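Dropping run-v2.pdb in here (PDB, C-alpha atoms):
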ATOM      1  CA  MET A   1      35.936   1.570  20.334
ATOM      2  CA  ILE A   2      34.125  -1.743  19.982
ATOM      3  CA  LYS A   3      34.526  -2.888  23.589
ATOM      4  CA  LYS A   4      30.816  -3.015  24.341
ATOM      5  CA  GLU A   5      30.097  -4.887  21.126
ATOM      6  CA  THR A   6      32.708  -7.545  21.929
ATOM      7  CA  GLU A   7      31.316  -7.941  25.434
ATOM      8  CA  LEU A   8      27.806  -8.462  24.149
ATOM      9  CA  LEU A   9      28.814 -10.912  21.456
ATOM     10  CA  ASP A  10      30.962 -12.929  23.848
ATOM     11  CA  GLU A  11      28.147 -13.102  26.351
ATOM     12  CA  ILE A  12      25.748 -14.527  23.780
ATOM     13  CA  LYS A  13      28.393 -16.824  22.333
ATOM     14  CA  SER A  14      29.221 -18.291  25.751
ATOM     15  CA  LYS A  15      25.638 -19.479  26.205
ATOM     16  CA  TYR A  16      24.626 -20.637  22.749
ATOM     17  CA  LYS A  17      26.345 -22.239  19.811
ATOM     18  CA  LEU A  18      26.187 -19.725  17.010
ATOM     19  CA  GLU A  19      28.103 -17.852  14.381
ATOM     20  CA  GLY A  20      28.462 -14.168  14.829
ATOM     21  CA  LYS A  21      30.635 -11.245  14.022
ATOM     22  CA  ILE A  22      31.028  -7.562  14.628
ATOM     23  CA  GLN A  23      30.501  -5.981  11.243
ATOM     24  CA  LYS A  24      31.710  -2.575  12.328
ATOM     25  CA  GLU A  25      31.271  -0.125  15.118
ATOM     26  CA  ARG A  26      27.766  -0.496  16.626
ATOM     27  CA  ARG A  27      26.741  -3.294  14.261
ATOM     28  CA  ILE A  28      26.547  -6.936  15.379
ATOM     29  CA  CYS A  29      25.252  -9.771  13.253
ATOM     30  CA  ILE A  30      24.620 -13.365  14.348
ATOM     31  CA  SER A  31      23.210 -16.459  12.651
ATOM     32  CA  ILE A  32      21.327 -18.934  14.796
ATOM     33  CA  THR A  33      19.210 -22.056  14.449
ATOM     34  CA  LYS A  34      15.477 -21.641  14.768
ATOM     35  CA  ASN A  35      15.245 -23.768  17.921
ATOM     36  CA  ASN A  36      17.271 -21.225  19.898
ATOM     37  CA  LEU A  37      15.379 -18.255  18.527
ATOM     38  CA  ILE A  38      13.059 -17.459  21.398
ATOM     39  CA  ALA A  39      15.688 -18.059  24.075
ATOM     40  CA  ILE A  40      18.254 -15.838  22.404
ATOM     41  CA  LEU A  41      15.827 -13.025  21.622
ATOM     42  CA  LYS A  42      14.594 -13.053  25.231
ATOM     43  CA  GLU A  43      18.173 -12.860  26.403
ATOM     44  CA  LEU A  44      18.875  -9.954  24.070
ATOM     45  CA  LYS A  45      15.815  -8.084  25.224
ATOM     46  CA  ASN A  46      17.045  -8.369  28.792
ATOM     47  CA  LEU A  47      20.414  -7.041  27.645
ATOM     48  CA  GLY A  48      18.756  -3.807  26.543
ATOM     49  CA  PHE A  49      17.633  -4.520  22.987
ATOM     50  CA  ILE A  50      14.093  -3.451  23.690
ATOM     51  CA  HIS A  51      13.258  -2.099  20.254
ATOM     52  CA  LEU A  52      12.377  -4.520  17.461
ATOM     53  CA  SER A  53      12.924  -2.332  14.414
ATOM     54  CA  SER A  54      11.735  -4.833  11.890
ATOM     55  CA  ILE A  55      11.446  -8.427  10.824
ATOM     56  CA  SER A  56      12.277  -9.293   7.257
ATOM     57  CA  VAL A  57      12.312 -12.370   5.075
ATOM     58  CA  THR A  58      14.781 -13.114   2.322
ATOM     59  CA  ASP A  59      13.802 -15.750  -0.175
ATOM     60  CA  TRP A  60      16.804 -17.893  -1.145
ATOM     61  CA  LEU A  61      15.262 -19.761  -4.023
ATOM     62  CA  ASP A  62      18.327 -21.840  -4.987
ATOM     63  CA  GLU A  63      18.965 -23.013  -1.422
ATOM     64  CA  GLY A  64      15.292 -23.643  -0.763
ATOM     65  CA  ASN A  65      15.395 -21.498   2.351
ATOM     66  CA  TYR A  66      13.779 -18.454   3.826
ATOM     67  CA  GLU A  67      16.113 -16.323   5.875
ATOM     68  CA  ILE A  68      14.316 -14.449   8.624
ATOM     69  CA  THR A  69      16.086 -11.416   9.999
ATOM     70  CA  TYR A  70      15.323  -9.600  13.235
ATOM     71  CA  HIS A  71      16.707  -6.107  13.641
ATOM     72  CA  LEU A  72      17.071  -5.089  17.261
ATOM     73  CA  TRP A  73      18.093  -1.725  18.641
ATOM     74  CA  SER A  74      19.405  -0.819  22.037
ATOM     75  CA  TYR A  75      18.702   2.717  23.197
ATOM     76  CA  ASP A  76      21.282   2.490  25.967
ATOM     77  CA  ASP A  77      24.224   1.216  23.958
ATOM     78  CA  LYS A  78      23.138   2.559  20.546
ATOM     79  CA  ILE A  79      23.839  -0.800  18.918
ATOM     80  CA  LEU A  80      21.991  -2.463  16.068
ATOM     81  CA  PHE A  81      21.820  -6.204  16.568
ATOM     82  CA  THR A  82      20.899  -8.381  13.606
ATOM     83  CA  VAL A  83      19.694 -11.913  14.264
ATOM     84  CA  LYS A  84      19.379 -14.220  11.279
ATOM     85  CA  THR A  85      17.840 -17.642  11.099
ATOM     86  CA  LYS A  86      16.980 -19.969   8.275
ATOM     87  CA  ILE A  87      13.831 -22.007   7.806
ATOM     88  CA  SER A  88      12.639 -24.337   5.093
ATOM     89  CA  ARG A  89      10.984 -22.658   2.158
ATOM     90  CA  ASP A  90       8.467 -25.408   1.482
ATOM     91  CA  LYS A  91       7.051 -25.494   4.977
ATOM     92  CA  PRO A  92       7.865 -22.105   6.456
ATOM     93  CA  GLU A  93       7.141 -22.289  10.157
ATOM     94  CA  ILE A  94       8.722 -20.410  13.004
ATOM     95  CA  GLN A  95       7.934 -19.447  16.583
ATOM     96  CA  SER A  96       6.261 -16.087  16.901
ATOM     97  CA  VAL A  97       8.044 -13.365  18.825
ATOM     98  CA  THR A  98       4.792 -11.715  19.873
ATOM     99  CA  PRO A  99       5.164 -13.106  23.424
ATOM    100  CA  ILE A 100       8.331 -11.001  23.711
ATOM    101  CA  TRP A 101       7.547  -7.791  21.797
ATOM    102  CA  GLU A 102       3.756  -8.061  21.587
ATOM    103  CA  GLU A 103       2.091  -5.493  19.309
ATOM    104  CA  ASN A 104       5.427  -4.315  18.006
ATOM    105  CA  ALA A 105       6.069  -7.704  16.429
ATOM    106  CA  GLN A 106       2.465  -8.377  15.519
ATOM    107  CA  ILE A 107       2.265  -6.049  12.527
ATOM    108  CA  HIS A 108       5.511  -7.371  11.022
ATOM    109  CA  GLU A 109       4.444 -10.967  11.380
ATOM    110  CA  ARG A 110       1.059 -10.340   9.847
ATOM    111  CA  GLU A 111       2.693  -8.713   6.854
ATOM    112  CA  LEU A 112       5.221 -11.487   6.370
ATOM    113  CA  HIS A 113       2.480 -14.056   6.700
ATOM    114  CA  GLU A 114       0.536 -12.602   3.804
ATOM    115  CA  LEU A 115       3.505 -11.730   1.597
ATOM    116  CA  PHE A 116       5.645 -14.845   2.098
ATOM    117  CA  GLY A 117       3.272 -17.339   3.663
ATOM    118  CA  VAL A 118       5.412 -17.763   6.756
ATOM    119  CA  ASN A 119       3.430 -19.370   9.530
ATOM    120  CA  PHE A 120       4.217 -17.791  12.890
ATOM    121  CA  LYS A 121       3.284 -20.242  15.589
ATOM    122  CA  ASN A 122       1.576 -18.782  18.685
ATOM    123  CA  ASN A 123       0.605 -15.623  16.834
ATOM    124  CA  THR A 124      -3.075 -15.149  17.543
ATOM    125  CA  ASP A 125      -4.020 -12.913  14.620
ATOM    126  CA  LEU A 126      -2.528 -13.553  11.201
ATOM    127  CA  SER A 127      -5.395 -12.068   9.214
ATOM    128  CA  PRO A 128      -4.472 -10.341   5.949
ATOM    129  CA  LEU A 129      -3.274  -6.775   6.159
ATOM    130  CA  PHE A 130      -3.446  -5.475   2.579
ATOM    131  CA  LEU A 131      -4.516  -8.462   0.500
ATOM    132  CA  GLU A 132      -8.061  -8.881   1.725
ATOM    133  CA  ASP A 133      -9.495 -11.102  -1.022
ATOM    134  CA  TRP A 134      -6.274 -12.640  -2.194
ATOM    135  CA  ASP A 135      -6.500 -16.215  -3.446
ATOM    136  CA  GLY A 136      -3.167 -16.567  -5.269
ATOM    137  CA  PRO A 137       0.136 -17.755  -3.816
ATOM    138  CA  PRO A 138       2.019 -15.451  -1.428
ATOM    139  CA  PRO A 139       3.068 -12.704  -3.841
ATOM    140  CA  PHE A 140       6.590 -11.988  -2.611
ATOM    141  CA  ARG A 141       7.849 -15.511  -3.196
ATOM    142  CA  LYS A 142      10.463 -15.441  -5.904
ATOM    143  CA  ASP A 143       8.810 -18.209  -7.926
ATOM    144  CA  PHE A 144       5.562 -16.266  -8.148
ATOM    145  CA  ASN A 145       5.400 -14.785 -11.638
ATOM    146  CA  TRP A 146       3.279 -11.735 -11.058
ATOM    147  CA  ARG A 147       3.361 -10.582 -14.651
ATOM    148  CA  GLU A 148       1.629 -13.804 -15.679
ATOM    149  CA  TYR A 149      -0.802 -13.414 -12.813
ATOM    150  CA  VAL A 150      -1.649  -9.874 -13.885
ATOM    151  CA  LYS A 151      -2.177 -10.894 -17.497
ATOM    152  CA  GLU A 152      -4.564 -13.615 -16.434
ATOM    153  CA  ASN A 153      -6.506 -11.627 -13.893
ATOM    154  CA  TYR A 154      -6.519  -8.013 -15.018
ATOM    155  CA  TYR A 155      -5.946  -7.804 -18.762
ATOM    156  CA  ASP A 156      -7.908  -8.991 -21.706
ATOM    157  CA  ILE A 157      -6.011 -10.288 -24.733
ATOM    158  CA  ASN A 158      -8.957  -9.400 -26.972
ATOM    159  CA  ASN A 159      -8.965  -5.797 -25.848
ATOM    160  CA  LYS A 160      -7.166  -3.823 -28.553
ATOM    161  CA  ARG A 161      -5.723  -1.385 -26.078
ATOM    162  CA  GLU A 162      -4.128  -4.147 -24.042
ATOM    163  CA  THR A 163      -2.673  -6.527 -26.610
ATOM    164  CA  VAL A 164       0.587  -4.675 -26.130
ATOM    165  CA  TYR A 165       1.029  -6.428 -22.788
ATOM    166  CA  TYR A 166       1.019  -9.837 -24.443
ATOM    167  CA  ASP A 167       3.926  -9.254 -26.862
TER     168      ASP A 167
ATOM    169  CA  MET B   1     -37.621  31.963 -20.788
ATOM    170  CA  VAL B   2     -36.270  28.593 -21.836
ATOM    171  CA  LYS B   3     -38.214  25.648 -20.560
ATOM    172  CA  ARG B   4     -35.830  23.117 -19.082
ATOM    173  CA  SER B   5     -36.249  19.475 -18.226
ATOM    174  CA  LYS B   6     -36.122  18.318 -14.645
ATOM    175  CA  LYS B   7     -32.690  16.849 -15.177
ATOM    176  CA  ALA B   8     -31.316  20.075 -16.571
ATOM    177  CA  LYS B   9     -32.676  21.978 -13.587
ATOM    178  CA  THR B  10     -31.043  19.617 -11.107
ATOM    179  CA  MET B  11     -27.780  19.659 -12.975
ATOM    180  CA  ARG B  12     -27.760  23.455 -13.004
ATOM    181  CA  LYS B  13     -27.861  23.362  -9.237
ATOM    182  CA  LEU B  14     -24.812  21.130  -9.291
ATOM    183  CA  ILE B  15     -22.656  23.531 -11.256
ATOM    184  CA  LYS B  16     -23.383  26.536  -9.074
ATOM    185  CA  ALA B  17     -20.759  25.232  -6.733
ATOM    186  CA  ILE B  18     -18.920  21.997  -7.235
ATOM    187  CA  TRP B  19     -18.364  20.355  -3.922
ATOM    188  CA  ILE B  20     -15.623  17.819  -4.060
ATOM    189  CA  PHE B  21     -14.813  14.762  -2.077
ATOM    190  CA  ASN B  22     -11.270  13.493  -2.548
ATOM    191  CA  TRP B  23     -10.459   9.824  -2.681
ATOM    192  CA  PHE B  24      -6.745   9.895  -3.230
ATOM    193  CA  ASN B  25      -4.325   7.062  -2.947
ATOM    194  CA  SER B  26      -0.563   7.402  -2.961
ATOM    195  CA  CYS B  27       0.829  10.521  -4.647
ATOM    196  CA  GLY B  28      -2.564  11.624  -5.978
ATOM    197  CA  PHE B  29      -3.261  14.420  -3.573
ATOM    198  CA  ALA B  30       0.350  15.387  -2.972
ATOM    199  CA  GLU B  31       0.549  16.377  -6.608
ATOM    200  CA  LEU B  32      -2.727  18.284  -6.601
ATOM    201  CA  VAL B  33      -2.259  20.383  -3.506
ATOM    202  CA  PRO B  34      -1.623  23.488  -5.703
ATOM    203  CA  LEU B  35      -5.310  23.309  -6.674
ATOM    204  CA  VAL B  36      -6.233  24.337  -3.165
ATOM    205  CA  GLY B  37      -3.349  26.738  -2.729
ATOM    206  CA  SER B  38      -3.364  30.428  -3.571
ATOM    207  CA  ARG B  39      -1.919  30.239  -7.083
ATOM    208  CA  TRP B  40      -4.658  28.164  -8.719
ATOM    209  CA  ASP B  41      -7.135  28.462  -5.882
ATOM    210  CA  MET B  42     -10.113  26.407  -6.948
ATOM    211  CA  GLU B  43     -12.382  28.132  -4.458
ATOM    212  CA  ARG B  44     -12.588  31.021  -6.936
ATOM    213  CA  PHE B  45     -14.880  28.796  -8.984
ATOM    214  CA  GLY B  46     -16.927  27.639  -6.060
ATOM    215  CA  MET B  47     -15.068  24.355  -5.883
ATOM    216  CA  ILE B  48     -14.503  23.330  -2.326
ATOM    217  CA  ILE B  49     -13.341  20.162  -0.621
ATOM    218  CA  VAL B  50     -15.916  18.789   1.772
ATOM    219  CA  GLY B  51     -15.448  16.466   4.669
ATOM    220  CA  THR B  52     -17.998  13.846   3.818
ATOM    221  CA  PRO B  53     -19.207  12.181   0.604
ATOM    222  CA  ARG B  54     -22.804  12.949   1.584
ATOM    223  CA  HIS B  55     -22.171  16.624   0.875
ATOM    224  CA  ALA B  56     -20.231  16.087  -2.322
ATOM    225  CA  ASP B  57     -21.278  16.454  -5.960
ATOM    226  CA  VAL B  58     -18.028  15.339  -7.485
ATOM    227  CA  LEU B  59     -15.773  12.504  -6.467
ATOM    228  CA  PHE B  60     -12.133  12.946  -7.378
ATOM    229  CA  ILE B  61     -10.306   9.643  -7.604
ATOM    230  CA  ALA B  62      -6.578   9.804  -8.088
ATOM    231  CA  GLY B  63      -3.656   7.495  -7.770
ATOM    232  CA  TYR B  64      -3.721   3.743  -8.107
ATOM    233  CA  GLN B  65      -6.528   1.907  -6.371
ATOM    234  CA  THR B  66      -5.719  -1.334  -4.654
ATOM    235  CA  LEU B  67      -8.191  -4.168  -4.362
ATOM    236  CA  LYS B  68      -8.694  -3.132  -0.766
ATOM    237  CA  SER B  69      -9.208   0.577  -1.361
ATOM    238  CA  ILE B  70     -11.555   0.170  -4.330
ATOM    239  CA  LYS B  71     -14.098  -1.438  -2.018
ATOM    240  CA  ARG B  72     -13.989   1.654   0.163
ATOM    241  CA  ALA B  73     -14.215   3.861  -2.909
ATOM    242  CA  LYS B  74     -17.406   2.078  -3.905
ATOM    243  CA  ARG B  75     -18.914   2.760  -0.494
ATOM    244  CA  VAL B  76     -17.923   6.405  -0.750
ATOM    245  CA  TYR B  77     -19.588   6.614  -4.149
ATOM    246  CA  GLU B  78     -22.772   4.978  -2.909
ATOM    247  CA  GLN B  79     -23.063   7.494  -0.100
ATOM    248  CA  MET B  80     -23.038  10.484  -2.426
ATOM    249  CA  ALA B  81     -26.338  12.111  -3.276
ATOM    250  CA  GLU B  82     -27.586  12.364  -6.861
ATOM    251  CA  PRO B  83     -26.577  13.886  -9.205
ATOM    252  CA  LYS B  84     -23.036  12.654  -8.829
ATOM    253  CA  VAL B  85     -20.002  12.758 -11.015
ATOM    254  CA  ILE B  86     -16.725  10.896 -10.863
ATOM    255  CA  ILE B  87     -13.583  12.480 -12.205
ATOM    256  CA  ALA B  88     -10.607  10.159 -12.376
ATOM    257  CA  LEU B  89      -7.219  11.804 -12.333
ATOM    258  CA  GLY B  90      -3.914  10.542 -13.543
ATOM    259  CA  SER B  91      -2.739   7.650 -15.626
ATOM    260  CA  CYS B  92      -2.983   5.172 -12.752
ATOM    261  CA  THR B  93      -6.762   5.167 -12.914
ATOM    262  CA  MET B  94      -6.778   4.542 -16.668
ATOM    263  CA  THR B  95      -4.235   1.809 -17.222
ATOM    264  CA  GLY B  96      -2.559   1.224 -13.914
ATOM    265  CA  GLY B  97       0.148   3.709 -14.874
ATOM    266  CA  MET B  98       3.529   2.700 -13.548
ATOM    267  CA  TYR B  99       1.816  -0.132 -11.649
ATOM    268  CA  TRP B 100       0.676  -1.824 -14.837
ATOM    269  CA  ASP B 101       2.187  -5.148 -13.741
ATOM    270  CA  SER B 102       1.309  -4.989 -10.069
ATOM    271  CA  TYR B 103      -0.665  -7.919  -8.708
ATOM    272  CA  ASN B 104      -2.635  -5.815  -6.265
ATOM    273  CA  THR B 105      -3.767  -2.679  -8.089
ATOM    274  CA  ILE B 106      -6.738  -2.392 -10.386
ATOM    275  CA  LYS B 107      -6.042  -1.496 -13.992
ATOM    276  CA  ARG B 108      -9.200   0.115 -15.330
ATOM    277  CA  LEU B 109     -11.270   2.135 -12.941
ATOM    278  CA  ASP B 110     -14.321   2.015 -15.201
ATOM    279  CA  ASP B 111     -14.602  -1.727 -14.502
ATOM    280  CA  TYR B 112     -15.549  -0.820 -10.945
ATOM    281  CA  LEU B 113     -17.132   2.630 -10.938
ATOM    282  CA  PRO B 114     -18.987   4.732 -13.549
ATOM    283  CA  VAL B 115     -16.283   7.239 -14.415
ATOM    284  CA  THR B 116     -17.601  10.445 -15.985
ATOM    285  CA  MET B 117     -14.308  11.885 -17.067
ATOM    286  CA  TYR B 118     -10.674  10.905 -17.132
ATOM    287  CA  ILE B 119      -7.958  13.504 -16.826
ATOM    288  CA  PRO B 120      -4.661  12.218 -18.213
ATOM    289  CA  GLY B 121      -1.289  13.078 -16.819
ATOM    290  CA  CYS B 122       1.088  11.862 -14.202
ATOM    291  CA  PRO B 123       0.115  13.978 -12.380
ATOM    292  CA  PRO B 124      -2.444  16.092 -14.274
ATOM    293  CA  ARG B 125      -1.773  19.805 -14.325
ATOM    294  CA  PRO B 126      -4.116  21.939 -12.223
ATOM    295  CA  GLU B 127      -5.246  23.625 -15.445
ATOM    296  CA  ALA B 128      -6.353  20.232 -16.749
ATOM    297  CA  VAL B 129      -8.550  19.737 -13.706
ATOM    298  CA  PHE B 130     -10.172  23.124 -14.294
ATOM    299  CA  GLU B 131     -10.676  22.277 -17.937
ATOM    300  CA  ALA B 132     -12.456  19.098 -16.962
ATOM    301  CA  CYS B 133     -14.765  21.020 -14.664
ATOM    302  CA  GLU B 134     -15.322  23.600 -17.385
ATOM    303  CA  LYS B 135     -16.429  20.770 -19.646
ATOM    304  CA  ILE B 136     -18.945  19.655 -17.056
ATOM    305  CA  PHE B 137     -20.272  23.243 -16.899
ATOM    306  CA  GLN B 138     -20.602  23.390 -20.676
ATOM    307  CA  HIS B 139     -22.324  20.060 -20.832
ATOM    308  CA  VAL B 140     -24.828  21.088 -18.189
ATOM    309  CA  LYS B 141     -25.498  24.424 -19.850
ATOM    310  CA  GLU B 142     -26.257  22.682 -23.108
ATOM    311  CA  LEU B 143     -28.839  20.455 -21.466
ATOM    312  CA  GLU B 144     -32.406  21.435 -22.175
TER     313      GLU B 144
END

Once you've parsed the file, please lay out its structure as structure tokens.
Amino acid sequence: MIKKETELLDEIKSKYKLEGKIQKERRICISITKNNLIAILKELKNLGFIHLSSISVTDWLDEGNYEITYHLWSYDDKILFTVKTKISRDKPEIQSVTPIWEENAQIHERELHELFGVNFKNNTDLSPLFLEDWDGPPPFRKDFNWREYVKENYYDINNKRETVYYD
Amino acid sequence: MVKRSKKAKTMRKLIKAIWIFNWFNSCGFAELVPLVGSRWDMERFGMIIVGTPRHADVLFIAGYQTLKSIKRAKRVYEQMAEPKVIIALGSCTMTGGMYWDSYNTIKRLDDYLPVTMYIPGCPPRPEAVFEACEKIFQHVKELE
């Protein structure tokens, strides 16, 4: 049943040094270093993974890493390919995939730039999507205490109606 | 015949037919669709939803407003012709509602726009919306 999956994984594994496994039928997951990112994603696109479903960031606070995940879908083989890579949390920088997927990747990268502060190199437009006048830290970082931020910026401790938020 | 002030005369024109412009974020309108539907049917009272703020007398604001959308709401309000009324629906506009600790939604709408009337509820019942409009009618009728 998982013949195609094994073929695909072996093909990628033969060219690059990486960890990967077949999670189950039609699900492949690999972890790579960020230097290989563009090469591997280009390769995968040529193998039929033309749809970039989403890009996501996981904030591993204890490790000090961001884990960036690319979800790729192949319409021919009906396989979901997950590519994971880790970058430093303090200076989050990674190559943009807009040269490969163009507009499809653009919207994801803009969002992750404003929510996590990840800097996507070669992306031409990283202007804010939702947070137009935002001056605080990237709000989805785990060390950002938004309750404190809200108390400071939106509520008034002297307002009788709102003292309840300061208990 | 009662002699009315200029303001009262203008306001009386307003309540002949309340034309509404909706500025709804998130679930705001989804919950108030019955107002337009056949059961509550607000058109019975001359209330109708118009396509542009320039035609509207009343601005309905519902749902949470983000820092981005409140700027647009202000522009919508500025485009409306006098006399204009803002009715804020739902708990989100009063206190932030379930988004009370969100970093990106405003907490009190009256910090940004002159709200005439708040309708509580999450969401408000259609009857509550009618009651609010009824109160506007009463208020206008009492003007001299």

**Request:** Might you pull out every residue within 12 Å of Lys6 (chain B), with all atoms listed in the file counted and same-chain residues fewer than 3 positions away left off, and present them as a list of chain:residue names?
**Result:** B:Lys3, B:Lys9, B:Thr10, B:Met11, B:Arg12, B:Lys13, B:Pro83, B:Leu143, B:Glu144

For the structure shown, which residues end up in the ChimeraX specification (/A :<7) & /B? Put them as a PDB file with C-alpha atoms, in the coordinates of the input, please?
ATOM      1  CA  LYS B  68      -8.694  -3.132  -0.766  1.00  0.00           C
ATOM      2  CA  ASP B 101       2.187  -5.148 -13.741  1.00  0.00           C
ATOM      3  CA  SER B 102       1.309  -4.989 -10.069  1.00  0.00           C
ATOM      4  CA  TYR B 103      -0.665  -7.919  -8.708  1.00  0.00           C
ATOM      5  CA  LYS B 107      -6.042  -1.496 -13.992  1.00  0.00           C
TER       6      LYS B 107
END

**Residues returned when the PyMOL selection byres ((chain B and resi 27) around 10) runs on this file, as a list in words** =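 Expected selection for the PyMOL selection byres ((chain B and resi 27) around 10) here is Phe24, Asn25, Ser26, Gly28, Phe29, Ala30, Glu31, Leu32, Ala62, Gly63, Tyr64, Cys122 and Pro123 of chain B.
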
Write out, as a compact mmCIF listing (two decimals), in the frame of the given file, the residues just selected, with C-alpha atoms.
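Output below, filename out_35.txt:
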# COMPACT_ATOMS: atom_id res chain seq x y z
CA PHE B 24 -6.74 9.90 -3.23
CA ASN B 25 -4.32 7.06 -2.95
CA SER B 26 -0.56 7.40 -2.96
CA GLY B 28 -2.56 11.62 -5.98
CA PHE B 29 -3.26 14.42 -3.57
CA ALA B 30 0.35 15.39 -2.97
CA GLU B 31 0.55 16.38 -6.61
CA LEU B 32 -2.73 18.28 -6.60
CA ALA B 62 -6.58 9.80 -8.09
CA GLY B 63 -3.66 7.50 -7.77
CA TYR B 64 -3.72 3.74 -8.11
CA CYS B 122 1.09 11.86 -14.20
CA PRO B 123 0.12 13.98 -12.38

**Request:** Identify which of the residues A:Ser56, A:Leu126, A:Glu67, A:Lys121 lies closest to Pro99 (chain A), counting only C-alpha atoms when measuring atom-to-atom distances.
**Result:**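 Closest to Pro99 (chain A), using only C-alpha atoms: A:Lys121.
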
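Across B:Ile18, B:Ala8, B:Val2, B:Val85, the tightest approach to Leu113 (chain B) is made by B:Val85 when counting only C-alpha atoms.
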
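In terms of minimum interatomic distance to Ser96 (chain A), A:Glu109 ranks closest within A:Glu19, A:Asp167, A:Glu5, A:Glu109, counting all atoms listed in the file.
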
**Request:** Tell me which residues the PyMOL selection byres ((chain B and resi 34) around 12) grabs here, as a PyMOL selection string.
**Result:** chain B and resi 28-33+35-43+123-127+129

**Message:** I'd like the neighbourhood of Asn22 (chain B) as a ChimeraX atom specification, where a residue qualifies if any of its atoms comes within 7 Å (using all atoms listed in the file), though same-chain residues fewer than 6 positions away should be ignored.
**Reply:** /B:59-61

**Request:** Write out as an MDAnalysis selection string each polymer residue whose atoms come within 8 Å of Ile15 (chain B), counting all atoms listed in the file; drop sequence neighbours fewer than 6 positions from it.
**Result:** chainID B and resid 136:137 140

Keeping only C-alpha atoms, take the residues you just selected and write them out as a PDB file, in the frame of the given file.
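Final output, result-v9.pdb:
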ATOM      1  CA  ILE B 136     -18.945  19.655 -17.056  1.00  0.00           C
ATOM      2  CA  PHE B 137     -20.272  23.243 -16.899  1.00  0.00           C
ATOM      3  CA  VAL B 140     -24.828  21.088 -18.189  1.00  0.00           C
TER       4      VAL B 140
END

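Interatomic distance, CA of Ile94 (chain A) against CA of Asp59 (chain A): 14.9 Å.
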
Please identify all polymer residues within 6 Å of region 31-36 of chain A, counting only C-alpha atoms, omitting same-chain residues fewer than 3 positions from it, and present them as a short mmCIF file (atom, residue, chain, number, x, y, z; two decimals) with C-alpha atoms, keeping the file's coordinate frame.
data_model
loop_
_atom_site.label_atom_id
_atom_site.label_comp_id
_atom_site.auth_asym_id
_atom_site.auth_seq_id
_atom_site.Cartn_x
_atom_site.Cartn_y
_atom_site.Cartn_z
CA LEU A 18 26.19 -19.73 17.01
CA GLU A 19 28.10 -17.85 14.38
CA ALA A 39 15.69 -18.06 24.08
CA VAL A 83 19.69 -11.91 14.26
CA LYS A 84 19.38 -14.22 11.28
CA THR A 85 17.84 -17.64 11.10
#

**Prompt:** Quick one: distance from CA of Ile70 (chain B) to CA of Arg54 (chain B) in Å, one decimal?
**Reply:**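 Those two atoms sit 18.0 Å apart.
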
Excluding region 69-81 of chain A and its own-chain neighbours fewer than 2 positions away, which residues fall within 7 Å of it when counting all atoms listed in the file? Please give them as a CSV table (one decimal) with C-alpha atoms, keeping the file's coordinate frame.
chain,number,residue,atom,x,y,z
A,26,ARG,CA,27.8,-0.5,16.6
A,27,ARG,CA,26.7,-3.3,14.3
A,28,ILE,CA,26.5,-6.9,15.4
A,29,CYS,CA,25.3,-9.8,13.3
A,48,GLY,CA,18.8,-3.8,26.5
A,49,PHE,CA,17.6,-4.5,23.0
A,50,ILE,CA,14.1,-3.5,23.7
A,51,HIS,CA,13.3,-2.1,20.3
A,52,LEU,CA,12.4,-4.5,17.5
A,53,SER,CA,12.9,-2.3,14.4
A,54,SER,CA,11.7,-4.8,11.9
A,55,ILE,CA,11.4,-8.4,10.8
A,56,SER,CA,12.3,-9.3,7.3
A,57,VAL,CA,12.3,-12.4,5.1
A,67,GLU,CA,16.1,-16.3,5.9
A,83,VAL,CA,19.7,-11.9,14.3
A,84,LYS,CA,19.4,-14.2,11.3
A,85,THR,CA,17.8,-17.6,11.1

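Here CA of Glu114 (chain A) stands at a distance of 28.7 Å from CA of Glu43 (chain A).
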